[in-house]
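Novice: My structure is below; once you've seen it, I'll send some questions.
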Amino acid sequence: MPSNATSIESPPDGSGMPSGSASAVVNRTPWQILWLKLERNRVAMAAMWLLVLLYALAVFADFISPYSYDAQDAKRSFHPPHLLGRIHVVDEQGNWGRPFVYGSKLANVYDKEYSEDRSAKYPIRLLAEGSEYRLLWFIPMKTHLFGVDEPARLYLFGGDQFGRDILSRILYGGRISLSVGIVGIAISTSIGMLVGGIAGYFGGAVDFGLMRLVELILALPSLYLILVLRQSFGANMSSTQLYLIIILILSFIGWASIARVIRGMVLSIKEQEYVIAAQALGFSRMWIVLRHILPNTLSFVIVTATLSVPFYILGEVALSFLGVGVQEPEASWGNMLQAAQNLRYLTDYSWILTPGVFIFLAVMAWNVFGDGLRDAADPRTER
Amino acid sequence: MIKPGARPLLEVANLQKFYPIRKGLIPRVVGNVQAVGDVSFSVAEQETLGLVGESGCGKTTVGRCVLRLIEPTGGSVRFDGADVLALSSGELRGLRRRMQIIFQDPYSSLNPRHTVAETVGDAMRLHGIVKSRAAVRDRVSQLLERVGLNRNYINRYPHEFSGGQRQRIGIARALAVEPEFIVCDEAVSALDVSIQAQILNLLSELQREMKLAYLFIAHDLSVVRHISDRIAVMYLGHIVEEAGTDDLFASPAHPYTRALLSAIPIPVPKRARTNIPLEGDVPSPIDPPSGCHFRTRCPLATAECAEARPPLVEIGPGHRAACIHLDRIDELPMPFASSLAREGSR
Amino acid sequence: MSAEAAAGRPLLSIRDLRTYFHTSDGIARSVDGVSFDIFPGETLAVVGESGCGKSVTAFTIMGLVPVPPGRVEGGEILLGDRDLLKLPESAMRDVRGNDISMVFQEPMTSLNPILTIGRQISEAILRHKDVTKVEARRLSIEMLSRVGIPSPERRADEYPHQLSGGMKQRAMIAMALVCRPRLLIADEPTTALDVTIQSQILDLLNDLREEFEMSVLLITHDLGVVAEVADRVIVMYAGKVVESAGVVDLFERPGHPYTRALFRSLPSLEHRGEALQVIPGNVPNPLDFPSGCRFRTRCPIARPECATTDPQLIEAAPRHLVACPFSSDGGDAQ
């Protein structure tokens, strides 16, 4: 408590530096201010657009990818990427034209070396006809964004052991790997807010018990916990079931840290004078929690959630890489990397690591975007 | 002790608040923080009682216990005859309309996500003071104007206001339920002096117009003196002296009051200092000194002071002090503030 | 003290100092053309309301303004013959703590919580003086005892959290003064303390100033504190000095309409129950100061020409500068 008989001011933050008086800003909601601050952060905005792009690619995977994730071709096992010098714009006669590929011949069966068969060109067509699918899960379509005519096949990022197009599998795999993060965080954040909110608001024995549970979960090594939980579900399961189980397992681990932080926030918001004022005005506990406490944790929750998405993406990758997650022929970025467990595949056909680039991009984009959100939500970084 | 004939609105008797200290893996009570030891006072209708003391003396806890925002450990609080501590939560809600609070921190006292309309208007609807949405906005606008803000500010958020303006919004929120009694908890301490004067004037006007009674909690003695009819001085959880404002300043009877008054920096340069130096710091409320809590810093203390806590004894009309050496108080110099106050009341 | 000191050579001269903050909402002219002198052995108080630029002035002298967003746009800070604004950072580090020291408002956050008090003071000595560690420790303990900390040998081995607020502020002062600086800048040194502790610290500062023959630049918002300890006073408003005078002069014959209004808005001990005379409106936003005289929007004697001319400090009386050409024209209408 400052003690002055005659105070002219009480400096708001002690530094005496102008913190950028907000009075110049007129009639903006706290959300608008958050957005304005985020908009000025170019790196975070770039990350956000990258995420928009990645998720759009996943949603429209069946349209963008030339093949289905499970379209095999035994004669083209480990076909090398067309992007590495196998797309041409000048033909044998020296004529320039639209990009095309040649068919490929298996030159060395043992080493899977392919040579180009220059007898026929296969132009890369936009909006090519291909296998049937349902756009956005309900519009039946056959048109793909691009493709080549049969019998040639396009392997922009190369092919895998079964001759499946890695690009197509990455796009389809993104549906699983990227959505695990969103769905998982939605579940664990809900549990975390509920448990943390209850512990923080009611305190006492409830708080004590819940927080010990949280500590227990956080104390166990997460990979071990994942495996233990996984084994309890048994082996024979449909891919949808597996997908849900992965999310459940990851959420079960993820809610604990969120609960702990929410509890801390609730404890501090509970002491804010506006909460006491609401109490003094006669509002009920429920009203205070819903109108005052939870909304004020919200921007923080969003930041935490954003920054935890990578945990889920990497969690799925880890599970599937170990072979206990998404099962073949279903594609996920994790189970695609499973092929890299074979040292010879890894050294000879290193394009099978391409999903790692996407994992890296997605995880980094979520982290950078989350950092930007955190800075924007921090009232101390006024500008 | 309110003026004879005045009707007591709030009567507090032997109020106590202890906070248990828990320790261990399985928490166990190992001691108590004595925030409020034993406090009794009353506030009459349309009166202002100032409650002063240094940080940690328990004045804020008293204010919150009176409104039952904190459950007291013991004692009684009666508001207009009703036993506040015995009310059910439903009955308490009705009483909340009549007793309100204004806070110190103009930043944490407003929900950053609520507009002025919500902050001020929500409680009106809760208590059914006005029914329709339009009527609420109308009433909020009126209140804004009454506390000196533009009525067009109704849709703005707290961050768009200065500290003084936020304090006015906090006052409007308290007035929204048309209370008779308001606890002002350091309501002007965080404000610039020019703004502080504006808010003090506003509080005085509102008191006259709306016939309000205030419990004015502050550490700033010149502010308390300006606004209070009577003043109670707290030290480490107890009231050590209580008197009419002029009386307290003109003839402080407790050694702590005298030391406190002599420590106020007064805007009169190069005056003779009449300092009563107090040794050391306020002791911890976990383990307060036996007997008189002030004895460890008191220049008049003797061995006797450790034996029992001195009771508040009446030494003049409406003037009580808790000290066994009241007869020796003139060994301490009269604070400069007191001589100023005496001149002023002449 | 001030009258005699004024005749001598100033210890520190500040000339036309301008420190701006470049924010995305515009430029905050927090310190905008401030000039004053500090003479040896005097206590100069800088008073003003929030955002007036008094703390930024102090931070600029210390070379501690965060860059960006802050920037010193111009002016001179002369310590003897040296312009501190032209010194390289390495030379400035030798000045800080040695020639000029600073104590801050918040004793709780200005001490490093993980080092003992004695260690922190010793490090300050070792930074500037060529002494052994043992000697530094001896000097630290001596200094702790000098600032009134009981059993200093024991306290030297304690951590900041083991000390009360008042004791921490004493330890801060010990650390600031251990190299015997010629100037101590005290930024709201007692604002976070209780009144009874505040008066102890103010007395201590006064005693030490005499003993160490140093000058004190006291930044405060509290006119009571000013009256207790200052020799001369600078009143700042919206980034500018509006008045400068000896303390008795200022309190008895305030010249600038702002200073007068400030005194009138204090709750006085002589009069009670009357409405306070207030300064209307709010403290102006540093991003958007009014043109001309920055106080004109709240001034009772403002005239149309106040909007166009920037008032200069003029000598209204000997050694009493006021930045208002109309200050003698009944601005004191009570």
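Chain lettering (A, B, ...) mirrors the order of the structure tokens, residue numbering begins at 1 for each chain separately, and ligand numbering begins at 1 in order of display.
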Counting only C-alpha atoms, collect the residues of chain C whose closest atom lies at most 8 Å from chain A, and write them out as a ChimeraX atom specification.

Specialist: /C:21,23-25,28,30,48-51,53-56,105-106,190-195,198,221-224,266-267,285-287

Novice: Tell me the residues of chain B close to chain C, meaning within 7 Å using only C-alpha atoms, as an mmCIF file with all heavy atoms, in the first residue's frame.

Specialist:
```
data_model
loop_
_atom_site.group_PDB
_atom_site.id
_atom_site.type_symbol
_atom_site.label_atom_id
_atom_site.label_comp_id
_atom_site.auth_asym_id
_atom_site.auth_seq_id
_atom_site.Cartn_x
_atom_site.Cartn_y
_atom_site.Cartn_z
ATOM 1 N N GLU B 54 -2.048 1.004 8.711
ATOM 2 C CA GLU B 54 -1.024 0.690 7.722
ATOM 3 C C GLU B 54 -1.312 -0.667 7.098
ATOM 4 O O GLU B 54 -2.209 -1.387 7.528
ATOM 5 C CB GLU B 54 0.344 0.715 8.393
ATOM 6 C CG GLU B 54 0.693 2.100 8.907
ATOM 7 C CD GLU B 54 2.053 2.131 9.575
ATOM 8 O OE1 GLU B 54 2.170 1.765 10.746
ATOM 9 O OE2 GLU B 54 3.014 2.509 8.892
ATOM 10 N N SER B 55 -0.520 -1.023 6.090
ATOM 11 C CA SER B 55 -0.799 -2.283 5.395
ATOM 12 C C SER B 55 -0.731 -3.456 6.376
ATOM 13 O O SER B 55 0.110 -3.471 7.274
ATOM 14 C CB SER B 55 0.181 -2.496 4.238
ATOM 15 O OG SER B 55 1.479 -2.182 4.631
ATOM 16 N N ASP B 192 -4.337 9.915 -9.409
ATOM 17 C CA ASP B 192 -3.605 11.172 -9.403
ATOM 18 C C ASP B 192 -4.329 12.170 -8.508
ATOM 19 O O ASP B 192 -5.551 12.139 -8.405
ATOM 20 C CB ASP B 192 -3.572 11.741 -10.831
ATOM 21 C CG ASP B 192 -2.461 11.146 -11.664
ATOM 22 O OD1 ASP B 192 -1.421 10.813 -11.077
ATOM 23 O OD2 ASP B 192 -2.638 11.014 -12.877
ATOM 24 N N VAL B 193 -3.569 13.105 -7.921
ATOM 25 C CA VAL B 193 -4.171 14.011 -6.955
ATOM 26 C C VAL B 193 -5.313 14.823 -7.560
ATOM 27 O O VAL B 193 -6.352 15.013 -6.929
ATOM 28 C CB VAL B 193 -3.095 14.937 -6.339
ATOM 29 C CG1 VAL B 193 -3.302 16.378 -6.680
ATOM 30 C CG2 VAL B 193 -3.103 14.775 -4.847
ATOM 31 N N SER B 194 -5.165 15.275 -8.793
ATOM 32 C CA SER B 194 -6.241 16.097 -9.348
ATOM 33 C C SER B 194 -7.482 15.247 -9.564
ATOM 34 O O SER B 194 -8.614 15.723 -9.429
ATOM 35 C CB SER B 194 -5.788 16.762 -10.651
ATOM 36 O OG SER B 194 -5.455 15.798 -11.617
ATOM 37 N N ALA B 197 -9.195 14.358 -6.113
ATOM 38 C CA ALA B 197 -10.076 15.416 -5.627
ATOM 39 C C ALA B 197 -11.443 15.323 -6.308
ATOM 40 O O ALA B 197 -12.479 15.497 -5.663
ATOM 41 C CB ALA B 197 -9.441 16.786 -5.882
ATOM 42 N N GLN B 198 -11.434 15.039 -7.618
ATOM 43 C CA GLN B 198 -12.718 14.899 -8.333
ATOM 44 C C GLN B 198 -13.567 13.788 -7.728
ATOM 45 O O GLN B 198 -14.770 13.951 -7.508
ATOM 46 C CB GLN B 198 -12.477 14.578 -9.818
ATOM 47 C CG GLN B 198 -11.769 15.672 -10.602
ATOM 48 C CD GLN B 198 -11.407 15.211 -12.016
ATOM 49 O OE1 GLN B 198 -11.630 14.057 -12.374
ATOM 50 N NE2 GLN B 198 -10.853 16.110 -12.808
ATOM 51 N N ASN B 201 -14.920 14.614 -4.223
ATOM 52 C CA ASN B 201 -16.076 15.508 -4.322
ATOM 53 C C ASN B 201 -17.319 14.745 -4.768
ATOM 54 O O ASN B 201 -18.412 14.955 -4.233
ATOM 55 C CB ASN B 201 -15.796 16.637 -5.311
ATOM 56 C CG ASN B 201 -14.924 17.714 -4.697
ATOM 57 O OD1 ASN B 201 -14.642 17.682 -3.496
ATOM 58 N ND2 ASN B 201 -14.492 18.654 -5.507
ATOM 59 N N SER B 222 -4.912 12.339 5.344
ATOM 60 C CA SER B 222 -5.530 13.614 4.975
ATOM 61 C C SER B 222 -6.791 13.394 4.147
ATOM 62 O O SER B 222 -7.739 14.164 4.251
ATOM 63 C CB SER B 222 -4.545 14.543 4.263
ATOM 64 O OG SER B 222 -3.748 13.823 3.378
ATOM 65 N N VAL B 223 -6.803 12.317 3.353
ATOM 66 C CA VAL B 223 -8.022 11.994 2.619
ATOM 67 C C VAL B 223 -9.125 11.558 3.591
ATOM 68 O O VAL B 223 -10.264 12.005 3.511
ATOM 69 C CB VAL B 223 -7.751 10.872 1.585
ATOM 70 C CG1 VAL B 223 -9.040 10.304 1.059
ATOM 71 C CG2 VAL B 223 -6.913 11.416 0.452
ATOM 72 N N HIS B 226 -10.574 14.399 5.351
ATOM 73 C CA HIS B 226 -11.418 15.240 4.517
ATOM 74 C C HIS B 226 -12.857 14.729 4.466
ATOM 75 O O HIS B 226 -13.798 15.506 4.501
ATOM 76 C CB HIS B 226 -10.849 15.304 3.101
ATOM 77 C CG HIS B 226 -11.688 16.098 2.159
ATOM 78 N ND1 HIS B 226 -11.660 17.470 2.127
ATOM 79 C CD2 HIS B 226 -12.609 15.713 1.244
ATOM 80 C CE1 HIS B 226 -12.516 17.897 1.227
ATOM 81 N NE2 HIS B 226 -13.112 16.860 0.668
ATOM 82 N N ILE B 227 -13.010 13.416 4.411
ATOM 83 C CA ILE B 227 -14.339 12.891 4.096
ATOM 84 C C ILE B 227 -15.085 12.322 5.303
ATOM 85 O O ILE B 227 -16.302 12.166 5.279
ATOM 86 C CB ILE B 227 -14.234 11.828 2.966
ATOM 87 C CG1 ILE B 227 -15.599 11.608 2.317
ATOM 88 C CG2 ILE B 227 -13.623 10.543 3.475
ATOM 89 C CD1 ILE B 227 -15.508 11.088 0.918
ATOM 90 N N LEU B 260 1.462 8.044 13.946
ATOM 91 C CA LEU B 260 0.931 8.020 12.585
ATOM 92 C C LEU B 260 0.719 9.446 12.070
ATOM 93 O O LEU B 260 1.113 9.796 10.967
ATOM 94 C CB LEU B 260 -0.398 7.257 12.602
ATOM 95 C CG LEU B 260 -0.904 6.648 11.317
ATOM 96 C CD1 LEU B 260 0.096 5.659 10.767
ATOM 97 C CD2 LEU B 260 -2.245 5.949 11.582
ATOM 98 N N ALA B 263 3.845 11.226 11.245
ATOM 99 C CA ALA B 263 4.574 10.718 10.073
ATOM 100 C C ALA B 263 3.987 11.208 8.757
ATOM 101 O O ALA B 263 4.608 11.044 7.720
ATOM 102 C CB ALA B 263 4.588 9.196 10.083
ATOM 103 N N ILE B 264 2.773 11.813 8.796
ATOM 104 C CA ILE B 264 2.188 12.255 7.518
ATOM 105 C C ILE B 264 3.070 13.344 6.936
ATOM 106 O O ILE B 264 3.367 14.326 7.593
ATOM 107 C CB ILE B 264 0.804 12.913 7.695
ATOM 108 C CG1 ILE B 264 -0.051 12.164 8.688
ATOM 109 C CG2 ILE B 264 0.097 13.066 6.365
ATOM 110 C CD1 ILE B 264 -1.381 12.868 8.910
ATOM 111 N N PRO B 265 3.498 13.193 5.700
ATOM 112 C CA PRO B 265 4.229 14.301 5.076
ATOM 113 C C PRO B 265 3.225 15.427 4.809
ATOM 114 O O PRO B 265 2.177 15.200 4.199
ATOM 115 C CB PRO B 265 4.745 13.711 3.761
ATOM 116 C CG PRO B 265 4.351 12.281 3.774
ATOM 117 C CD PRO B 265 3.279 12.092 4.769
ATOM 118 N N ILE B 266 3.542 16.608 5.290
ATOM 119 C CA ILE B 266 2.600 17.718 5.159
ATOM 120 C C ILE B 266 3.182 18.757 4.214
ATOM 121 O O ILE B 266 4.352 19.093 4.310
ATOM 122 C CB ILE B 266 2.310 18.323 6.544
ATOM 123 C CG1 ILE B 266 1.493 17.303 7.329
ATOM 124 C CG2 ILE B 266 1.554 19.632 6.435
ATOM 125 C CD1 ILE B 266 1.413 17.592 8.773
ATOM 126 N N PRO B 267 2.383 19.227 3.287
ATOM 127 C CA PRO B 267 2.919 20.163 2.293
ATOM 128 C C PRO B 267 3.188 21.548 2.866
ATOM 129 O O PRO B 267 2.669 22.547 2.377
ATOM 130 C CB PRO B 267 1.845 20.174 1.204
ATOM 131 C CG PRO B 267 0.603 19.725 1.853
ATOM 132 C CD PRO B 267 0.991 18.845 2.982
ATOM 133 N N VAL B 268 3.951 21.615 3.911
ATOM 134 C CA VAL B 268 4.389 22.891 4.463
ATOM 135 C C VAL B 268 5.899 22.767 4.605
ATOM 136 O O VAL B 268 6.373 22.021 5.462
ATOM 137 C CB VAL B 268 3.753 23.166 5.843
ATOM 138 C CG1 VAL B 268 4.294 24.452 6.420
ATOM 139 C CG2 VAL B 268 2.245 23.206 5.726
ATOM 140 N N PRO B 269 6.665 23.425 3.740
ATOM 141 C CA PRO B 269 8.108 23.193 3.750
ATOM 142 C C PRO B 269 8.813 23.819 4.941
ATOM 143 O O PRO B 269 8.319 24.794 5.522
ATOM 144 C CB PRO B 269 8.563 23.848 2.436
ATOM 145 C CG PRO B 269 7.509 24.826 2.089
ATOM 146 C CD PRO B 269 6.235 24.357 2.695
ATOM 147 N N LYS B 270 9.958 23.245 5.272
ATOM 148 C CA LYS B 270 10.871 23.786 6.277
ATOM 149 C C LYS B 270 10.195 24.046 7.616
ATOM 150 O O LYS B 270 10.462 25.012 8.286
ATOM 151 C CB LYS B 270 11.505 25.104 5.767
ATOM 152 C CG LYS B 270 12.208 24.978 4.442
ATOM 153 C CD LYS B 270 13.513 24.221 4.527
ATOM 154 C CE LYS B 270 14.069 23.990 3.115
ATOM 155 N NZ LYS B 270 15.200 23.079 3.077
ATOM 156 N N LEU B 278 9.118 5.526 15.166
ATOM 157 C CA LEU B 278 8.689 4.187 15.582
ATOM 158 C C LEU B 278 9.787 3.227 15.182
ATOM 159 O O LEU B 278 10.240 3.226 14.048
ATOM 160 C CB LEU B 278 7.406 3.791 14.860
ATOM 161 C CG LEU B 278 6.144 4.517 15.287
ATOM 162 C CD1 LEU B 278 4.950 3.876 14.607
ATOM 163 C CD2 LEU B 278 5.981 4.472 16.787
ATOM 164 N N ALA B 337 0.501 17.882 12.299
ATOM 165 C CA ALA B 337 -0.835 17.767 11.704
ATOM 166 C C ALA B 337 -1.902 18.214 12.701
ATOM 167 O O ALA B 337 -2.896 18.832 12.342
ATOM 168 C CB ALA B 337 -1.089 16.334 11.262
ATOM 169 N N LEU B 340 -2.056 21.952 12.996
ATOM 170 C CA LEU B 340 -2.765 22.480 11.832
ATOM 171 C C LEU B 340 -4.263 22.288 11.982
ATOM 172 O O LEU B 340 -5.056 23.202 11.732
ATOM 173 C CB LEU B 340 -2.329 21.743 10.564
ATOM 174 C CG LEU B 340 -1.101 22.231 9.818
ATOM 175 C CD1 LEU B 340 -0.941 21.413 8.555
ATOM 176 C CD2 LEU B 340 -1.235 23.700 9.485
ATOM 177 N N ALA B 341 -4.642 21.087 12.425
ATOM 178 C CA ALA B 341 -6.056 20.770 12.557
ATOM 179 C C ALA B 341 -6.703 21.665 13.612
ATOM 180 O O ALA B 341 -7.838 22.117 13.451
ATOM 181 C CB ALA B 341 -6.227 19.308 12.927
ATOM 182 N N GLU B 343 -5.772 24.677 14.469
ATOM 183 C CA GLU B 343 -5.942 26.006 13.873
ATOM 184 C C GLU B 343 -7.180 26.032 12.999
ATOM 185 O O GLU B 343 -7.956 26.958 13.050
ATOM 186 C CB GLU B 343 -4.741 26.319 12.982
ATOM 187 C CG GLU B 343 -3.778 27.324 13.546
ATOM 188 C CD GLU B 343 -2.535 27.378 12.693
ATOM 189 O OE1 GLU B 343 -2.682 27.611 11.478
ATOM 190 O OE2 GLU B 343 -1.430 27.152 13.231
ATOM 191 N N GLY B 344 -7.304 24.969 12.203
ATOM 192 C CA GLY B 344 -8.391 24.916 11.242
ATOM 193 C C GLY B 344 -9.749 24.892 11.911
ATOM 194 O O GLY B 344 -10.676 25.545 11.450
#
```

Novice: Nearest residue to chain A out of B:Leu10, B:Leu261, B:Val130, B:Ala117, using only C-alpha atoms?

Specialist: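 Selected residue with least distance to chain A: B:Leu261.
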
Novice: If we count only C-alpha atoms and set the cut-off at 12 Å, which residues sit around A:Gly282, ignoring sequence neighbours fewer than 4 positions away in its own chain? Please answer as a PyMOL selection string.

Specialist: (chain A and resi 275-278+286-288) or (chain B and resi 67-69+89-101+122-127+174+177)

Novice: Got a sec to tell me which of stretch 106-158 of chain B DSSP assigns to helix (DSSP H, G or I), as an NGL selection string?

Specialist: :B and (116-126 or 133-146 or 151-155 or 158)

Novice: If you count only C-alpha atoms, which residues fall within 9 Å of C:Arg155, apart from same-chain ones fewer than 5 positions away, as number ranges by chain?

Specialist: C: 116-118, 141, 144, 149-150, 162-163

Novice: Pull C-alpha atoms from the residues just selected and write them as a PDB file, in the first residue's frame.

Specialist:
```
ATOM      1  CA  THR C 116      22.170 -12.606  -0.599  1.00  0.00           C
ATOM      2  CA  ILE C 117      22.012  -8.930   0.265  1.00  0.00           C
ATOM      3  CA  GLY C 118      25.730  -8.857   1.125  1.00  0.00           C
ATOM      4  CA  ILE C 141      28.455  -4.707   6.121  1.00  0.00           C
ATOM      5  CA  LEU C 144      24.295  -1.934   5.828  1.00  0.00           C
ATOM      6  CA  ILE C 149      19.909  -2.300   9.337  1.00  0.00           C
ATOM      7  CA  PRO C 150      20.294  -4.022  12.705  1.00  0.00           C
ATOM      8  CA  GLN C 162      13.744 -12.427   4.490  1.00  0.00           C
ATOM      9  CA  LEU C 163      13.648  -8.636   4.821  1.00  0.00           C
TER      10      LEU C 163
END
```

Novice: Near stretch 105-116 of chain B, counting only C-alpha atoms, which residues have an atom at most 8 Å away, once you skip same-chain residues fewer than 3 positions from it, shown as a list in words?

Specialist: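 Those residues are Thr29, Pro30, Gln272, Glu273, Tyr274, Val275, Ala277, His292, Pro295 and Asn296 of chain A; Thr119, Val120, Gly121, Tyr153, Ile154, Asn155, Arg156, Tyr157, Pro158, His159, Gly163, Gly164, Arg166, Gln167, Ile169, Gly170, Ala187 and Ala190 of chain B.
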
Novice: Any chance you could export the current selection's N, CA and C atoms as a short mmCIF file (atom, residue, chain, number, x, y, z; two decimals), in the first residue's frame?

Specialist:
```
data_model
loop_
_atom_site.label_atom_id
_atom_site.label_comp_id
_atom_site.auth_asym_id
_atom_site.auth_seq_id
_atom_site.Cartn_x
_atom_site.Cartn_y
_atom_site.Cartn_z
N THR A 29 -13.64 -4.20 -29.27
CA THR A 29 -13.80 -5.25 -28.29
C THR A 29 -12.43 -5.86 -28.05
N PRO A 30 -12.27 -6.54 -26.89
CA PRO A 30 -10.98 -7.18 -26.63
C PRO A 30 -10.56 -8.13 -27.75
N GLN A 272 -9.81 -11.25 -8.32
CA GLN A 272 -9.95 -9.95 -8.95
C GLN A 272 -11.13 -9.22 -8.33
N GLU A 273 -10.99 -7.92 -8.26
CA GLU A 273 -12.03 -7.16 -7.56
C GLU A 273 -13.36 -7.18 -8.30
N TYR A 274 -13.33 -7.38 -9.61
CA TYR A 274 -14.63 -7.40 -10.30
C TYR A 274 -15.42 -8.65 -9.95
N VAL A 275 -14.73 -9.72 -9.59
CA VAL A 275 -15.43 -10.93 -9.16
C VAL A 275 -16.03 -10.70 -7.77
N ALA A 277 -16.84 -7.82 -6.65
CA ALA A 277 -17.94 -6.88 -6.84
C ALA A 277 -19.20 -7.63 -7.26
N HIS A 292 -17.94 -14.28 -15.58
CA HIS A 292 -16.71 -13.56 -15.27
C HIS A 292 -15.46 -14.42 -15.39
N PRO A 295 -14.93 -16.71 -19.18
CA PRO A 295 -14.59 -15.86 -20.33
C PRO A 295 -13.20 -15.24 -20.22
N ASN A 296 -12.76 -14.96 -19.00
CA ASN A 296 -11.46 -14.33 -18.87
C ASN A 296 -10.30 -15.32 -18.98
N THR B 119 -21.42 -4.05 -17.16
CA THR B 119 -20.86 -3.88 -15.82
C THR B 119 -21.86 -3.22 -14.88
N VAL B 120 -22.47 -2.15 -15.37
CA VAL B 120 -23.38 -1.39 -14.50
C VAL B 120 -24.79 -1.99 -14.53
N GLY B 121 -25.21 -2.52 -15.68
CA GLY B 121 -26.60 -2.90 -15.84
C GLY B 121 -26.98 -4.29 -15.35
N TYR B 153 -20.73 6.61 -23.50
CA TYR B 153 -19.67 5.64 -23.20
C TYR B 153 -20.24 4.25 -22.93
N ILE B 154 -21.54 4.12 -23.01
CA ILE B 154 -22.22 2.92 -22.52
C ILE B 154 -21.74 1.63 -23.19
N ASN B 155 -21.30 1.69 -24.45
CA ASN B 155 -20.88 0.46 -25.12
C ASN B 155 -19.38 0.25 -25.11
N ARG B 156 -18.67 1.06 -24.33
CA ARG B 156 -17.21 0.94 -24.35
C ARG B 156 -16.73 -0.10 -23.34
N TYR B 157 -15.48 -0.51 -23.58
CA TYR B 157 -14.83 -1.48 -22.68
C TYR B 157 -13.89 -0.75 -21.73
N PRO B 158 -13.59 -1.37 -20.58
CA PRO B 158 -12.77 -0.70 -19.57
C PRO B 158 -11.44 -0.16 -20.09
N HIS B 159 -10.79 -0.88 -21.03
CA HIS B 159 -9.47 -0.44 -21.44
C HIS B 159 -9.49 0.90 -22.15
N GLY B 163 -7.79 5.87 -15.41
CA GLY B 163 -8.01 5.37 -14.05
C GLY B 163 -9.17 6.07 -13.35
N GLY B 164 -9.24 7.38 -13.48
CA GLY B 164 -10.31 8.14 -12.82
C GLY B 164 -11.67 7.78 -13.39
N ARG B 166 -12.47 4.95 -14.82
CA ARG B 166 -12.81 3.59 -14.37
C ARG B 166 -13.37 3.63 -12.96
N GLN B 167 -12.79 4.47 -12.13
CA GLN B 167 -13.28 4.55 -10.76
C GLN B 167 -14.72 5.05 -10.76
N ILE B 169 -16.88 4.46 -13.09
CA ILE B 169 -17.71 3.32 -13.52
C ILE B 169 -17.95 2.39 -12.33
N GLY B 170 -16.89 2.16 -11.54
CA GLY B 170 -17.03 1.32 -10.35
C GLY B 170 -18.06 1.90 -9.38
N ALA B 187 -10.71 3.78 -2.03
CA ALA B 187 -11.32 4.11 -3.31
C ALA B 187 -10.59 5.19 -4.09
N ALA B 190 -5.34 5.02 -5.59
CA ALA B 190 -4.53 4.76 -6.77
C ALA B 190 -4.62 5.89 -7.79
#
```

Novice: If we count only C-alpha atoms, what is near B:Lys211 at a cut-off of 10 Å, once residues fewer than 3 positions away on the same chain are taken out, given as a PyMOL selection string?

Specialist: chain B and resi 45-47+179-181+205-208+214

Novice: Using the selection just defined, write its residues with C-alpha atoms as a PDB file, in the first residue's frame.

Specialist:
```pdb
ATOM      1  CA  GLU B  45     -27.295   6.526   8.623  1.00  0.00           C
ATOM      2  CA  GLN B  46     -25.734   9.030   6.216  1.00  0.00           C
ATOM      3  CA  GLU B  47     -22.525   9.006   8.196  1.00  0.00           C
ATOM      4  CA  PRO B 179     -27.710   1.009  -1.733  1.00  0.00           C
ATOM      5  CA  GLU B 180     -27.830   2.807   1.595  1.00  0.00           C
ATOM      6  CA  PHE B 181     -24.346   1.843   2.710  1.00  0.00           C
ATOM      7  CA  GLU B 205     -22.189  14.841  -3.423  1.00  0.00           C
ATOM      8  CA  LEU B 206     -23.593  11.330  -3.808  1.00  0.00           C
ATOM      9  CA  GLN B 207     -23.701  10.919  -0.053  1.00  0.00           C
ATOM     10  CA  ARG B 208     -25.822  14.039   0.326  1.00  0.00           C
ATOM     11  CA  TYR B 214     -19.820   5.148   4.036  1.00  0.00           C
TER      12      TYR B 214
END
```

Novice: Would you mind writing down, as an NGL selection string, each residue of stretch 168-330 of chain B that DSSP on the backbone assigns to strand (DSSP E)?

Specialist: :B and (181-185 or 213-218 or 230-235 or 238-244 or 313-316 or 319-321)

Novice: Would you mind listing what lies within 12 Å of C:Glu211 as JSON, numbers by chain, with only C-alpha atoms counted and same-chain residues fewer than 3 positions away left out?

Specialist: {"C": [41, 146, 147, 177, 180, 182, 204, 205, 206, 207, 208, 214, 215]}

Novice: Could you jot down the atom CA of C:Ala171 to atom CA of C:Ile121 separation for me, Å, one decimal place?

Specialist: 8.4 Å

Novice: With only C-alpha atoms as the basis for distance, which of B:Arg173, B:Arg78, B:Arg139, B:Arg146 is at the shortest distance from chain A?

Specialist: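 Smallest separation from chain A among the options: B:Arg173.
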
Novice: Would you mind telling me which residue in B:Pro8, B:Pro333, B:Gly37, B:Gly53 lies nearest to chain A when using only C-alpha atoms?

Specialist: B:Gly53
